[in-house]
Every structure is written in structure tokens, then in C-alpha cells.
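Asker: Supplied structure: structure_32.txt, compact mmCIF, C-alpha atoms.
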```txt
# COMPACT_ATOMS: atom_id res chain seq x y z
CA MET A 12 8.97 8.07 -14.68
CA ILE A 13 7.01 4.84 -15.20
CA ALA A 14 4.16 4.36 -12.70
CA ARG A 15 2.04 1.60 -14.23
CA LEU A 16 2.37 -1.07 -16.92
CA ARG A 17 -0.30 -3.16 -18.58
CA GLY A 18 0.50 -5.74 -21.21
CA GLU A 19 1.27 -9.35 -22.09
CA VAL A 20 3.70 -11.33 -19.95
CA LEU A 21 6.47 -12.56 -22.27
CA GLU A 22 8.80 -14.06 -19.64
CA ASN A 23 8.60 -15.04 -15.99
CA ASP A 24 11.60 -16.43 -14.09
CA GLY A 25 10.00 -16.32 -10.63
CA ALA A 26 11.77 -13.10 -9.58
CA SER A 27 11.09 -10.86 -12.56
CA VAL A 28 8.85 -10.64 -15.59
CA VAL A 29 9.06 -9.09 -19.04
CA VAL A 30 5.87 -7.26 -19.95
CA ASP A 31 5.16 -6.32 -23.56
CA CYS A 32 3.51 -2.90 -23.81
CA HIS A 33 2.80 -2.01 -27.45
CA GLY A 34 5.92 -3.76 -28.74
CA VAL A 35 8.30 -2.65 -25.97
CA GLY A 36 9.38 -5.30 -23.44
CA TYR A 37 9.85 -3.97 -19.89
CA HIS A 38 11.92 -6.02 -17.44
CA VAL A 39 10.19 -5.71 -14.04
CA LEU A 40 11.42 -7.14 -10.75
CA VAL A 41 8.50 -8.48 -8.70
CA PRO A 42 7.91 -10.15 -5.32
CA ALA A 43 7.76 -13.95 -5.50
CA THR A 44 4.04 -13.85 -4.69
CA VAL A 45 3.40 -11.58 -7.69
CA ALA A 46 5.53 -13.71 -10.02
CA PHE A 47 3.47 -16.74 -8.96
CA GLU A 48 0.26 -14.97 -10.07
CA LEU A 49 1.53 -13.96 -13.52
CA VAL A 50 1.36 -16.47 -16.36
CA VAL A 51 3.37 -16.26 -19.59
CA GLY A 52 0.92 -15.30 -22.32
CA GLY A 53 -1.45 -13.74 -19.79
CA THR A 54 -1.99 -10.07 -19.04
CA ALA A 55 -0.15 -8.17 -16.32
CA ASP A 56 -1.39 -4.94 -14.78
CA LEU A 57 1.37 -3.72 -12.51
CA TYR A 58 1.84 -0.71 -10.24
CA VAL A 59 5.46 0.22 -10.84
CA ARG A 60 8.19 1.99 -8.92
CA HIS A 61 11.00 3.23 -11.16
CA VAL A 62 14.19 3.27 -9.06
CA PHE A 63 17.23 5.23 -10.21
CA ARG A 64 20.74 4.59 -8.91
CA GLU A 65 24.12 5.87 -10.01
CA ASP A 66 24.89 2.72 -12.01
CA ASP A 67 21.44 1.25 -12.58
CA GLN A 68 17.76 1.81 -13.33
CA SER A 69 15.23 -0.82 -12.33
CA LEU A 70 11.49 -1.28 -12.43
CA TYR A 71 9.74 -2.94 -9.49
CA GLY A 72 6.19 -4.16 -10.03
CA PHE A 73 3.24 -4.89 -7.76
CA VAL A 74 -0.34 -6.02 -8.26
CA ALA A 75 -1.75 -3.41 -5.85
CA ALA A 76 -1.00 0.18 -4.88
CA ASP A 77 -0.79 -0.96 -1.21
CA GLN A 78 2.17 -3.20 -2.07
CA ARG A 79 3.96 -0.34 -3.79
CA ARG A 80 3.30 1.94 -0.81
CA ALA A 81 4.74 -0.71 1.57
CA PHE A 82 7.77 -1.10 -0.75
CA ASP A 83 8.39 2.65 -0.53
CA LEU A 84 8.13 2.57 3.28
CA PHE A 85 10.73 -0.19 3.56
CA ARG A 86 13.09 1.59 1.18
CA ASP A 87 13.04 4.62 3.50
CA VAL A 88 14.72 2.52 6.22
CA LYS A 89 18.51 2.84 6.26
CA GLY A 90 20.08 -0.43 5.10
CA CYS A 91 16.88 -1.72 3.48
CA GLY A 92 17.35 -1.40 -0.27
CA PRO A 93 14.88 -2.23 -3.02
CA LYS A 94 15.85 -5.91 -3.19
CA THR A 95 15.39 -6.37 0.55
CA ALA A 96 12.06 -4.52 0.42
CA LEU A 97 11.01 -6.84 -2.41
CA ALA A 98 12.11 -9.89 -0.39
CA ILE A 99 9.98 -8.77 2.57
CA LEU A 100 6.90 -8.40 0.37
CA GLY A 101 7.60 -11.72 -1.37
CA SER A 102 8.12 -13.62 1.90
CA ILE A 103 5.57 -12.30 4.39
CA GLY A 104 3.54 -9.83 2.32
CA GLU A 105 2.60 -6.26 3.14
CA SER A 106 -0.02 -7.15 5.77
CA GLY A 107 2.31 -9.66 7.47
CA ALA A 108 5.09 -7.07 7.53
CA MET A 109 2.79 -4.38 8.95
CA GLN A 110 1.56 -6.77 11.65
CA ALA A 111 5.15 -7.69 12.55
CA ILE A 112 6.05 -4.00 12.87
CA LEU A 113 3.00 -3.21 15.04
CA ALA A 114 3.68 -6.27 17.24
CA GLN A 115 7.43 -5.44 17.29
CA ASP A 116 8.05 -9.04 16.20
CA VAL A 117 11.74 -9.15 15.23
CA LYS A 118 11.62 -12.93 14.58
CA ALA A 119 8.91 -12.58 11.92
CA LEU A 120 11.05 -10.09 9.99
CA THR A 121 14.28 -12.11 10.35
CA ARG A 122 12.60 -15.01 8.53
CA VAL A 123 12.98 -12.92 5.39
CA PRO A 124 16.21 -13.69 3.47
CA GLY A 125 18.63 -10.78 3.87
CA VAL A 126 17.00 -9.36 7.01
CA GLY A 127 19.09 -9.82 10.15
CA PRO A 128 18.14 -8.89 13.72
CA ARG A 129 19.67 -5.40 13.49
CA LEU A 130 17.86 -4.50 10.29
CA ALA A 131 14.60 -5.99 11.64
CA GLU A 132 14.88 -3.82 14.76
CA ARG A 133 15.63 -0.74 12.65
CA ILE A 134 12.60 -1.43 10.44
CA ILE A 135 10.39 -1.67 13.53
CA VAL A 136 11.79 1.47 15.17
CA GLU A 137 11.62 3.60 12.01
CA LEU A 138 8.22 2.42 10.76
CA LYS A 139 6.15 1.71 13.89
CA ASP A 140 4.69 5.24 13.88
CA LYS A 141 4.00 5.19 10.13
CA VAL A 142 2.13 1.87 9.95
CA PRO A 143 -1.10 2.98 11.71
CA GLN A 144 -1.39 5.91 9.28
CA VAL A 145 -0.87 3.60 6.28
CA GLU A 146 -3.49 1.15 7.57
CA PHE A 147 -5.94 4.00 8.22
CA GLU A 148 -5.52 5.30 4.64
CA GLN A 149 -6.01 1.79 3.21
CA LYS A 150 -9.14 1.26 5.31
CA LEU A 151 -10.58 4.61 4.25
CA ALA A 152 -9.89 3.88 0.56
CA ALA A 153 -11.62 0.49 0.87
CA VAL A 154 -14.68 2.04 2.54
CA VAL A 155 -15.00 4.81 -0.06
CA ALA A 156 -14.62 2.33 -2.95
CA ARG A 157 -17.22 -0.15 -1.61
CA PRO A 158 -20.36 -0.40 -3.83
CA ARG A 159 -23.57 0.84 -2.14
CA THR A 160 -27.27 1.15 -2.74
CA ALA A 161 -28.91 4.57 -2.93
CA LYS A 162 -30.64 4.11 0.46
CA GLN A 163 -27.43 3.56 2.41
CA ASP A 164 -25.82 6.47 4.24
CA GLU A 165 -22.32 6.31 2.78
CA LEU A 166 -20.88 9.01 5.03
CA LEU A 167 -22.11 7.48 8.28
CA GLU A 168 -21.11 3.95 7.21
CA ALA A 169 -17.61 5.13 6.32
CA LEU A 170 -17.13 6.76 9.74
CA LEU A 171 -18.48 3.69 11.56
CA ALA A 172 -16.22 1.39 9.52
CA LEU A 173 -13.23 3.52 10.55
CA GLY A 174 -14.01 2.74 14.19
CA TYR A 175 -15.85 5.84 15.41
CA ARG A 176 -18.78 5.46 17.82
CA ARG A 177 -22.23 5.96 16.28
CA GLN A 178 -23.08 9.05 18.34
CA GLU A 179 -19.88 10.95 17.45
CA ALA A 180 -20.06 9.70 13.82
CA GLU A 181 -23.65 10.98 13.45
CA ALA A 182 -22.72 14.40 14.88
CA ALA A 183 -19.67 14.72 12.60
CA ALA A 184 -21.71 13.52 9.59
CA ALA A 185 -24.44 16.11 10.21
CA GLU A 186 -21.86 18.91 10.39
CA ALA A 187 -20.08 17.69 7.24
CA ARG A 188 -23.34 17.50 5.23
CA ASP A 189 -23.91 21.20 5.88
CA GLN A 190 -20.52 22.08 4.39
CA ALA A 191 -20.28 19.83 1.30
CA ASP A 192 -22.41 17.78 -1.10
CA ASP A 193 -19.81 15.25 -2.33
CA VAL A 194 -19.37 12.20 -0.03
CA SER A 195 -15.56 12.21 -0.38
CA ASP A 196 -15.45 15.87 0.72
CA GLN A 197 -17.89 15.15 3.54
CA ILE A 198 -15.67 12.32 4.84
CA LYS A 199 -12.64 14.63 4.92
CA ILE A 200 -14.59 17.35 6.75
CA ALA A 201 -16.04 14.84 9.23
CA LEU A 202 -12.60 13.37 9.96
CA ARG A 203 -11.16 16.83 10.58
CA GLY A 204 -13.97 17.46 13.07
CA LEU A 205 -13.44 14.10 14.81
CA VAL A 206 -9.72 14.60 15.39
CA ARG A 207 -10.14 18.08 16.89
```
For this file, write the structure as C-alpha cells.

Answerer:
Amino acid sequence: MIARLRGEVLENDGASVVVDCHGVGYHVLVPATVAFELVVGGTADLYVRHVFREDDQSLYGFVAADQRRAFDLFRDVKGCGPKTALAILGSIGESGAMQAILAQDVKALTRVPGVGPRLAERIIVELKDKVPQVEFEQKLAAVVARPRTAKQDELLEALLALGYRRQEAEAAAAEARDQADDVSDQIKIALRGLVR
């Protein structure tokens, strides 16, 4: 299964691109916003979802792992196939779609071509409980990846950035430091303690 492609953009028709990877041209369907960013002759670095169907195989490409994750979420909704999921990402983007789901804004979703009121309502009902978890994971990944100086307390800053109060964050951080040396492990331990 193809998960990522990096290479020269040979063609771009606004809905798909052909990416040359070591002499092999891959046809990749992309959201309109992604197609707009890619220039023929330039380099593409795409997170890919390889979708198999009875009569077809298609590659769908995204510039970020978050987009691919959102694409997968939409595909899990009954009646929302890959092309509709792509249209949502191309029209209102992953953050706009997540906000619409959290706000239960049917109108925002029905602005997307191919999404009617019934499908919009189904998307909201089926994904409203999954969106906070997705946003939490994205926030955590951003905090962990942020560059820091040696003097900064990465563990405490990560917990504060995730919305915990300083007092509870400091207590959880102290406990986590006793159990692990690596900051990533400490964050996991601290989060387990905070949700108890």
C-alpha cells in the first residue's frame, strides 16, 4: 500500500496531479486547495491514501497527515465516499469541517458540492464524538514537535498547552518524571494520571 509520495509534479489539472517518483508517474486525486499549491515542475510531498474498490484503485493525496486523517474520518460515514470526502477538504478544509461538526452547522457542510442536508446531518451525528479526540491528538503532536531551549520545561509546557491547570499539571509532571526519562513517555504517563 502506498502511504507517501515525493517527486516532481508532471501534470496538474486542478483536481489531480501526476507525480514522477524515480521514473514512475503516479496519478493522485487531491483537494482543490492542494492542487492550487502544487506547480508543474515543482516538487510534491504528499501523504497518500490508497483506496481499493471492486472496479478501481485510486490514490488520494494531501499535504499534511491531518488532512489524510480527516479524509479517513469522512470516509467512515455511510454515504460519504472518497470523492465527497475530497470535496469537503477542498471546499472548507479540515479545520472548517471539524468546526462545522462541533457547532452542528448543517449549512456549512451543505455548501460543499455533493453534500445535501441528510448527509450533512449524518456526518455531524457520526463524527461529533470523534472530532474532539482528533483535535486533542493534533494539539499534542504540535506541542511535542515545537522547538525548545534547554531551560524550558517541555513536559509542563505541553500539559499547560493542552489546557490543564498549572497546579494539576505540575503534580502530574512530578509523578511522570519519577517513572520515565523521555519527555514523550512522561507526557503519556502524565496524561494517564490526569484522566484518572

Asker: Name the closest residue to Gly72 of chain A among the candidates A:Ala14, A:Val35, A:Val194, A:Ile99; distances are taken between atoms, counting only C-alpha atoms.

Answerer: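 Of all the options, A:Ala14 lies closest to Gly72 of chain A.
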
Asker: What gap, in Å, lies between atom CA of Val126 of chain A and atom CA of Ala108 of chain A?

Answerer: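 So the two atoms, atom CA of Val126 of chain A and atom CA of Ala108 of chain A, lie 12.1 Å apart.
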
Asker: For Glu105 of chain A, please output as a list in words all residues within 9 Å (counting all atoms listed in the file; exclusion window: fewer than 6 positions along the same chain).

Answerer: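 Non-adjacent residues within range: Asp77, Gln78, Ala81, Phe82 and Ile99 of chain A.
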
Asker: Please return as number ranges by chain every residue within 12 Å of (11.7, -1.2, 3.3), taking into account only C-alpha atoms and the file's own coordinates.

Answerer: A: 78-100, 104-105, 108-109, 112, 120, 123, 125-126, 130-131, 133-135, 137-138

Asker: When you count only C-alpha atoms, which of these residues is closest to Glu48 of chain A: A:Ala185, A:Leu70, A:Gly101, A:Gly36?

Answerer: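 With only C-alpha atoms as the atom set, the closest residue is A:Gly101.
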
Asker: Just how far from atom CA of Met12 of chain A is atom CA of Gly25 of chain A, in Å to one decimal?

Answerer: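 Atom CA of Gly25 of chain A sits 24.7 Å away from atom CA of Met12 of chain A.
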
Asker: Mind giving me the straight-line distance from atom CA of Leu173 of chain A to atom CA of Leu202 of chain A in Å, one decimal?

Answerer: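 One can read the atom CA of Leu173 of chain A to atom CA of Leu202 of chain A distance as 9.9 Å.
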
Asker: Select, from A:Gly107, A:Pro42, A:Gly34, A:Gly18, the residue with the minimum atom-to-atom distance to Arg122 of chain A, counting all atoms listed in the file.

Answerer: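 Ranking A:Gly107, A:Pro42, A:Gly34, A:Gly18 by distance to Arg122 of chain A, first place goes to A:Gly107.
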
Asker: Within 9 Å of (-16.7, 11.7, 7.7) (file coordinates; only C-alpha atoms), which protein or nucleic acid residues are there? I'd like them as a list in words.

Answerer: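 So the residues meeting the distance criterion are Leu166, Leu167, Glu168, Ala169, Leu170, Ala180, Ala183, Ala184, Ala187, Val194, Ser195, Asp196, Gln197, Ile198, Lys199, Ile200, Ala201, Leu202, Arg203, Gly204 and Leu205 of chain A.
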
Asker: Any idea what's packed within 9 Å of Arg17 of chain A, counting all atoms listed in the file, ignoring anything in its chain fewer than 3 positions away? Could you give it as a PDB file with C-alpha atoms, in the coordinates of the input?

Answerer:
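Resulting contents of selection-v8.pdb:
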```
ATOM      1  CA  VAL A  30       5.870  -7.260 -19.950  1.00  0.00           C
ATOM      2  CA  ASP A  31       5.160  -6.320 -23.560  1.00  0.00           C
ATOM      3  CA  CYS A  32       3.510  -2.900 -23.810  1.00  0.00           C
ATOM      4  CA  THR A  54      -1.990 -10.070 -19.040  1.00  0.00           C
ATOM      5  CA  ALA A  55      -0.150  -8.170 -16.320  1.00  0.00           C
ATOM      6  CA  ASP A  56      -1.390  -4.940 -14.780  1.00  0.00           C
ATOM      7  CA  LEU A  57       1.370  -3.720 -12.510  1.00  0.00           C
ATOM      8  CA  TYR A  58       1.840  -0.710 -10.240  1.00  0.00           C
TER       9      TYR A  58
END
```
